[in-house]
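Have a look at my_file04.pdb; it's PDB, C-alpha atoms, pLDDT in the B column:
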ATOM      1  CA  MET A   1     -54.547  64.600  41.055  1.00 45.00           C
ATOM      2  CA  ARG A   2     -56.263  66.751  38.481  1.00 51.00           C
ATOM      3  CA  THR A   3     -59.029  69.095  39.541  1.00 54.00           C
ATOM      4  CA  LYS A   4     -61.763  70.681  37.468  1.00 56.00           C
ATOM      5  CA  GLU A   5     -60.031  74.063  37.867  1.00 63.00           C
ATOM      6  CA  ASN A   6     -61.975  76.652  35.853  1.00 70.00           C
ATOM      7  CA  LEU A   7     -63.341  74.251  33.270  1.00 71.00           C
ATOM      8  CA  THR A   8     -67.000  74.886  32.499  1.00 65.00           C
ATOM      9  CA  LYS A   9     -67.528  72.601  29.486  1.00 58.00           C
ATOM     10  CA  LEU A  10     -66.054  69.333  30.798  1.00 62.00           C
ATOM     11  CA  GLY A  11     -68.687  67.310  32.629  1.00 58.00           C
ATOM     12  CA  SER A  12     -71.493  69.729  31.803  1.00 61.00           C
ATOM     13  CA  GLU A  13     -74.811  68.043  31.078  1.00 71.00           C
ATOM     14  CA  HIS A  14     -76.059  71.126  29.259  1.00 74.00           C
ATOM     15  CA  THR A  15     -73.737  71.387  26.282  1.00 81.00           C
ATOM     16  CA  GLU A  16     -74.545  74.240  23.944  1.00 83.00           C
ATOM     17  CA  TYR A  17     -73.395  73.812  20.340  1.00 83.00           C
ATOM     18  CA  ARG A  18     -72.763  77.274  18.942  1.00 83.00           C
ATOM     19  CA  THR A  19     -72.662  77.512  15.174  1.00 80.00           C
ATOM     20  CA  GLU A  20     -70.996  80.916  14.865  1.00 88.00           C
ATOM     21  CA  TYR A  21     -67.258  81.317  15.425  1.00 93.00           C
ATOM     22  CA  ASP A  22     -66.616  81.777  19.156  1.00 96.00           C
ATOM     23  CA  PRO A  23     -63.058  81.632  20.563  1.00 97.00           C
ATOM     24  CA  SER A  24     -64.413  82.184  24.093  1.00 96.00           C
ATOM     25  CA  LEU A  25     -65.386  78.492  24.074  1.00 96.00           C
ATOM     26  CA  LEU A  26     -61.732  77.471  24.454  1.00 97.00           C
ATOM     27  CA  GLU A  27     -60.594  76.420  27.930  1.00 97.00           C
ATOM     28  CA  ALA A  28     -57.267  75.187  29.282  1.00 97.00           C
ATOM     29  CA  PHE A  29     -55.903  73.407  32.301  1.00 96.00           C
ATOM     30  CA  ASP A  30     -52.465  73.227  33.907  1.00 97.00           C
ATOM     31  CA  ASN A  31     -49.805  71.042  32.288  1.00 97.00           C
ATOM     32  CA  LEU A  32     -48.682  68.583  34.959  1.00 96.00           C
ATOM     33  CA  HIS A  33     -45.390  67.951  33.110  1.00 97.00           C
ATOM     34  CA  PRO A  34     -44.069  71.402  32.111  1.00 97.00           C
ATOM     35  CA  GLU A  35     -40.486  70.163  32.458  1.00 97.00           C
ATOM     36  CA  ASN A  36     -41.016  67.784  29.506  1.00 97.00           C
ATOM     37  CA  ASP A  37     -41.172  68.573  25.806  1.00 97.00           C
ATOM     38  CA  TYR A  38     -43.938  66.471  24.261  1.00 98.00           C
ATOM     39  CA  PHE A  39     -46.524  66.773  21.520  1.00 97.00           C
ATOM     40  CA  VAL A  40     -50.277  66.856  21.941  1.00 98.00           C
ATOM     41  CA  LYS A  41     -52.098  66.109  18.696  1.00 98.00           C
ATOM     42  CA  ALA A  42     -55.792  66.705  17.995  1.00 97.00           C
ATOM     43  CA  ASN A  43     -57.549  65.561  14.836  1.00 96.00           C
ATOM     44  CA  CYS A  44     -60.914  66.898  13.733  1.00 96.00           C
ATOM     45  CA  PRO A  45     -61.849  64.862  10.624  1.00 95.00           C
ATOM     46  CA  GLU A  46     -65.377  66.326  10.456  1.00 95.00           C
ATOM     47  CA  PHE A  47     -64.573  70.047  10.451  1.00 97.00           C
ATOM     48  CA  THR A  48     -66.971  72.279   8.529  1.00 95.00           C
ATOM     49  CA  SER A  49     -67.063  75.964   7.705  1.00 96.00           C
ATOM     50  CA  LEU A  50     -68.544  78.027   4.897  1.00 95.00           C
ATOM     51  CA  CYS A  51     -67.101  79.680   1.821  1.00 92.00           C
ATOM     52  CA  PRO A  52     -67.217  83.419   2.581  1.00 93.00           C
ATOM     53  CA  ILE A  53     -68.379  84.222  -0.959  1.00 93.00           C
ATOM     54  CA  THR A  54     -70.796  81.461  -1.983  1.00 92.00           C
ATOM     55  CA  GLY A  55     -71.904  80.218   1.431  1.00 92.00           C
ATOM     56  CA  GLN A  56     -71.246  76.632   0.309  1.00 92.00           C
ATOM     57  CA  PRO A  57     -69.943  74.240   2.967  1.00 93.00           C
ATOM     58  CA  ASP A  58     -66.259  73.407   3.176  1.00 95.00           C
ATOM     59  CA  TYR A  59     -65.200  70.138   4.801  1.00 96.00           C
ATOM     60  CA  ALA A  60     -61.774  69.374   6.214  1.00 96.00           C
ATOM     61  CA  ASN A  61     -59.645  67.316   8.504  1.00 96.00           C
ATOM     62  CA  ILE A  62     -58.027  69.839  10.844  1.00 97.00           C
ATOM     63  CA  VAL A  63     -54.891  68.565  12.572  1.00 97.00           C
ATOM     64  CA  ILE A  64     -53.501  70.525  15.510  1.00 98.00           C
ATOM     65  CA  SER A  65     -50.155  69.534  17.043  1.00 97.00           C
ATOM     66  CA  TYR A  66     -48.493  71.469  19.817  1.00 98.00           C
ATOM     67  CA  VAL A  67     -45.816  71.291  22.481  1.00 98.00           C
ATOM     68  CA  PRO A  68     -47.425  72.677  25.637  1.00 98.00           C
ATOM     69  CA  ASP A  69     -45.720  74.949  28.104  1.00 98.00           C
ATOM     70  CA  LYS A  70     -47.836  75.669  31.171  1.00 97.00           C
ATOM     71  CA  LYS A  71     -51.316  75.018  29.720  1.00 98.00           C
ATOM     72  CA  ILE A  72     -53.128  72.295  27.742  1.00 98.00           C
ATOM     73  CA  VAL A  73     -56.349  72.827  25.808  1.00 98.00           C
ATOM     74  CA  GLU A  74     -59.336  70.966  27.231  1.00 97.00           C
ATOM     75  CA  SER A  75     -60.584  68.652  24.478  1.00 96.00           C
ATOM     76  CA  LYS A  76     -64.341  69.199  24.849  1.00 95.00           C
ATOM     77  CA  SER A  77     -63.862  72.962  24.665  1.00 96.00           C
ATOM     78  CA  LEU A  78     -61.686  72.453  21.557  1.00 98.00           C
ATOM     79  CA  LYS A  79     -64.438  70.343  19.994  1.00 96.00           C
ATOM     80  CA  LEU A  80     -67.061  73.005  20.725  1.00 96.00           C
ATOM     81  CA  TYR A  81     -64.757  75.746  19.436  1.00 97.00           C
ATOM     82  CA  LEU A  82     -64.109  73.898  16.157  1.00 97.00           C
ATOM     83  CA  PHE A  83     -67.843  73.207  15.843  1.00 96.00           C
ATOM     84  CA  SER A  84     -68.461  76.959  16.162  1.00 96.00           C
ATOM     85  CA  TYR A  85     -67.020  77.364  12.659  1.00 96.00           C
ATOM     86  CA  ARG A  86     -70.071  75.514  11.267  1.00 94.00           C
ATOM     87  CA  ASN A  87     -71.772  78.651   9.889  1.00 93.00           C
ATOM     88  CA  HIS A  88     -68.682  80.842   9.770  1.00 93.00           C
ATOM     89  CA  GLY A  89     -67.548  82.062   6.373  1.00 93.00           C
ATOM     90  CA  ASP A  90     -63.789  82.259   5.949  1.00 94.00           C
ATOM     91  CA  TYR A  91     -61.117  81.225   3.474  1.00 95.00           C
ATOM     92  CA  HIS A  92     -59.248  77.995   4.218  1.00 96.00           C
ATOM     93  CA  GLU A  93     -55.995  79.846   4.872  1.00 97.00           C
ATOM     94  CA  ASP A  94     -57.719  82.201   7.309  1.00 97.00           C
ATOM     95  CA  VAL A  95     -59.338  79.299   9.156  1.00 97.00           C
ATOM     96  CA  VAL A  96     -56.053  77.542  10.003  1.00 98.00           C
ATOM     97  CA  ASN A  97     -54.274  80.779  10.925  1.00 98.00           C
ATOM     98  CA  THR A  98     -57.145  81.912  13.151  1.00 98.00           C
ATOM     99  CA  ILE A  99     -57.281  78.539  14.924  1.00 98.00           C
ATOM    100  CA  MET A 100     -53.535  78.734  15.540  1.00 98.00           C
ATOM    101  CA  LYS A 101     -53.673  82.331  16.826  1.00 98.00           C
ATOM    102  CA  ASP A 102     -56.595  81.562  19.148  1.00 98.00           C
ATOM    103  CA  LEU A 103     -54.698  78.606  20.623  1.00 98.00           C
ATOM    104  CA  ILE A 104     -51.506  80.656  20.996  1.00 98.00           C
ATOM    105  CA  GLU A 105     -53.474  83.271  22.923  1.00 98.00           C
ATOM    106  CA  LEU A 106     -55.030  80.609  25.173  1.00 98.00           C
ATOM    107  CA  LEU A 107     -52.017  78.361  25.743  1.00 98.00           C
ATOM    108  CA  ASP A 108     -48.806  80.261  24.986  1.00 98.00           C
ATOM    109  CA  PRO A 109     -47.359  76.952  23.713  1.00 98.00           C
ATOM    110  CA  ARG A 110     -43.708  76.276  23.002  1.00 98.00           C
ATOM    111  CA  TYR A 111     -44.647  75.173  19.485  1.00 98.00           C
ATOM    112  CA  ILE A 112     -47.872  74.722  17.516  1.00 98.00           C
ATOM    113  CA  GLU A 113     -48.902  73.791  13.993  1.00 97.00           C
ATOM    114  CA  VAL A 114     -52.308  73.653  12.359  1.00 98.00           C
ATOM    115  CA  TRP A 115     -52.894  71.825   9.101  1.00 96.00           C
ATOM    116  CA  GLY A 116     -56.188  71.909   7.229  1.00 96.00           C
ATOM    117  CA  ARG A 117     -56.813  69.179   4.679  1.00 94.00           C
ATOM    118  CA  PHE A 118     -59.889  70.457   2.882  1.00 95.00           C
ATOM    119  CA  LEU A 119     -62.006  68.335   0.555  1.00 94.00           C
ATOM    120  CA  PRO A 120     -62.117  69.550  -3.037  1.00 90.00           C
ATOM    121  CA  ARG A 121     -64.618  71.991  -4.338  1.00 84.00           C
ATOM    122  CA  GLY A 122     -64.462  72.851  -8.005  1.00 82.00           C
ATOM    123  CA  GLY A 123     -61.890  70.095  -8.508  1.00 85.00           C
ATOM    124  CA  ILE A 124     -59.226  71.561  -6.176  1.00 88.00           C
ATOM    125  CA  SER A 125     -58.372  70.616  -2.620  1.00 88.00           C
ATOM    126  CA  LEU A 126     -56.423  73.065  -0.477  1.00 91.00           C
ATOM    127  CA  ASP A 127     -54.192  72.063   2.417  1.00 93.00           C
ATOM    128  CA  PRO A 128     -53.054  75.225   4.237  1.00 95.00           C
ATOM    129  CA  TYR A 129     -50.458  74.777   6.982  1.00 96.00           C
ATOM    130  CA  CYS A 130     -49.180  77.247   9.560  1.00 97.00           C
ATOM    131  CA  ASN A 131     -46.935  76.989  12.581  1.00 98.00           C
ATOM    132  CA  TYR A 132     -45.341  78.993  15.378  1.00 98.00           C
ATOM    133  CA  GLY A 133     -42.399  78.552  17.723  1.00 98.00           C
ATOM    134  CA  LYS A 134     -42.086  80.608  20.876  1.00 98.00           C
ATOM    135  CA  PRO A 135     -39.622  83.468  20.205  1.00 97.00           C
ATOM    136  CA  GLY A 136     -36.249  83.155  21.888  1.00 96.00           C
ATOM    137  CA  THR A 137     -36.518  79.368  22.299  1.00 96.00           C
ATOM    138  CA  ARG A 138     -35.262  76.427  20.264  1.00 96.00           C
ATOM    139  CA  TRP A 139     -38.870  76.011  19.114  1.00 97.00           C
ATOM    140  CA  GLU A 140     -38.652  79.247  17.126  1.00 97.00           C
ATOM    141  CA  GLU A 141     -35.965  77.661  14.946  1.00 97.00           C
ATOM    142  CA  ALA A 142     -37.843  74.347  14.858  1.00 96.00           C
ATOM    143  CA  ALA A 143     -40.903  76.167  13.485  1.00 97.00           C
ATOM    144  CA  TRP A 144     -38.879  77.680  10.649  1.00 96.00           C
ATOM    145  CA  GLU A 145     -37.258  74.330   9.810  1.00 95.00           C
ATOM    146  CA  ARG A 146     -40.620  72.554   9.843  1.00 93.00           C
ATOM    147  CA  LEU A 147     -42.223  75.200   7.624  1.00 94.00           C
ATOM    148  CA  ALA A 148     -39.310  75.184   5.172  1.00 92.00           C
ATOM    149  CA  ARG A 149     -39.533  71.380   4.826  1.00 88.00           C
ATOM    150  CA  HIS A 150     -43.280  71.029   5.292  1.00 83.00           C
ATOM    151  CA  ASP A 151     -44.155  69.673   1.867  1.00 78.00           C
ATOM    152  CA  MET A 152     -40.872  68.071   0.796  1.00 70.00           C
ATOM    153  CA  ASN A 153     -42.643  64.704   0.601  1.00 68.00           C
ATOM    154  CA  PRO A 154     -46.253  65.585  -0.248  1.00 68.00           C
ATOM    155  CA  GLU A 155     -48.924  63.019   0.423  1.00 70.00           C
ATOM    156  CA  LEU A 156     -50.636  61.316  -2.497  1.00 68.00           C
ATOM    157  CA  VAL A 157     -54.045  62.947  -2.961  1.00 64.00           C
ATOM    158  CA  ASN A 158     -56.163  60.615  -5.041  1.00 64.00           C
ATOM    159  CA  ASN A 159     -59.382  60.139  -3.160  1.00 56.00           C
ATOM    160  CA  ARG A 160     -60.466  63.538  -1.890  1.00 56.00           C
TER
END
With the file now loaded, output its structure as structure tokens.
Amino acid sequence: MRTKENLTKLGSEHTEYRTEYDPSLLEAFDNLHPENDYFVKANCPEFTSLCPITGQPDYANIVISYVPDKKIVESKSLKLYLFSYRNHGDYHEDVVNTIMKDLIELLDPRYIEVWGRFLPRGGISLDPYCNYGKPGTRWEEAAWERLARHDMNPELVNNR
């Protein structure tokens, strides 16, 4: 049976939506199946942040996939964390790398990847991708293989 552990966001009737980047919003709970390798995938199709130079909004679908070890990110805290980028100015590449690093710090996952599929601005869409495999494990090699083959079969981009 799962307990609330130290989760403060889940079940709270007084949700605060912060609009400035705040990694302290992230919370995790114990993985009940640490003996298994399995993926957890989170999609945020309504992600927004700001261009650090112009202040114009950037919109993206952020996809986070990870193989947990001992901890799993609590989904409401992840939603609030991603929402905290709303008025944060950062380049697309920085956004995905920062999200990944914050989740590595929180979860210490076996493997994680973050892919940002940003809508075009100025006629160009950017899709930065980053990943990480825990050093000294088979996931370290898997991360390199996945990165090396990441865009071997690029998706058709005709409607963004």
Around all listed atoms of segment 61-72 of chain A, padded 5 Å per side, what centre and edge lengths does the axis-aligned box have in Å to one decimal, as lines of an AutoDock Vina configuration file?
center_x = -52.7
center_y = 71.5
center_z = 19.8
size_x = 23.9
size_y = 18.4
size_z = 32.7
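With distances restricted to only C-alpha atoms, A:Thr15 is the closest residue to Lys76 of chain A from A:Asn131, A:Thr54, A:Ser24, A:Thr15.
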Query raised in the report: Got a sec to check which residues sit within 10 Å of (-55.8, 76.4, 24.1), counting only C-alpha atoms, and write them as a VMD selection string?
Result: chain A and resid 23 25 to 29 66 68 71 to 75 77 to 78 99 to 109
Using the chain letters and residue numbers of this document, give as a short mmCIF file (atom, residue, chain, number, x, y, z; two decimals) with C-alpha atoms, keeping the file's coordinate frame the residues selected by the PyMOL selection byres ((chain A and resi 70) around 6).
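Here's the written file result.cif:
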data_model
loop_
_atom_site.label_atom_id
_atom_site.label_comp_id
_atom_site.auth_asym_id
_atom_site.auth_seq_id
_atom_site.Cartn_x
_atom_site.Cartn_y
_atom_site.Cartn_z
CA ASP A 30 -52.46 73.23 33.91
CA ASN A 31 -49.80 71.04 32.29
CA PRO A 34 -44.07 71.40 32.11
CA ASP A 69 -45.72 74.95 28.10
CA LYS A 71 -51.32 75.02 29.72
#
Report task. Excluding Asp127 of chain A and any residue of its chain fewer than 4 positions from it, enumerate the residues within 12 Å of it, using only C-alpha atoms, and give them as a ChimeraX atom specification. Result -> /A:59-63,91-96,114-120,150-151,154-155,157,160
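Counting from atom CA of Val67 of chain A, the distance to atom CA of Thr98 of chain A is 18.1 Å.
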**Report entry** Spatial neighbours of Leu147 of chain A, max dist 10 Å, only C-alpha atoms, sep filter under 4 positions, as a PyMOL selection string
**Finding:** chain A and resi 113+129-132+141-143+151-152
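Note that the spacing between atom CA of Tyr21 of chain A and atom CA of Glu46 of chain A amounts to 15.9 Å.
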**Report entry** Matched chain/residue IDs from the PyMOL selection byres ((chain A and resi 86) around 6), as a ChimeraX atom specification
**Finding:** /A:19,48-49,83-85,87-88
Query - Pick from A:Lys134, A:Val40, A:Glu20, A:Leu82 nearest to Ile64 of chain A, counting all atoms listed in the file - result: A:Val40
Report task. Identify, on the basis of only C-alpha atoms, every residue whose closest approach to Asp90 of chain A does not exceed 7 Å; exclude the query and any residue fewer than 5 positions from it along the same chain; express the result as a ChimeraX atom specification. Result -> /A:50-52,95
Query raised in the report: In Å to one decimal, how far is atom CA of Tyr81 of chain A from atom CA of Leu7 of chain A?
Result: 14.0 Å
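The smallest atom-to-atom distance between Arg18 of chain A and any of A:Leu80, A:His33, A:Thr137, A:Trp144, using only C-alpha atoms, is found for A:Leu80.
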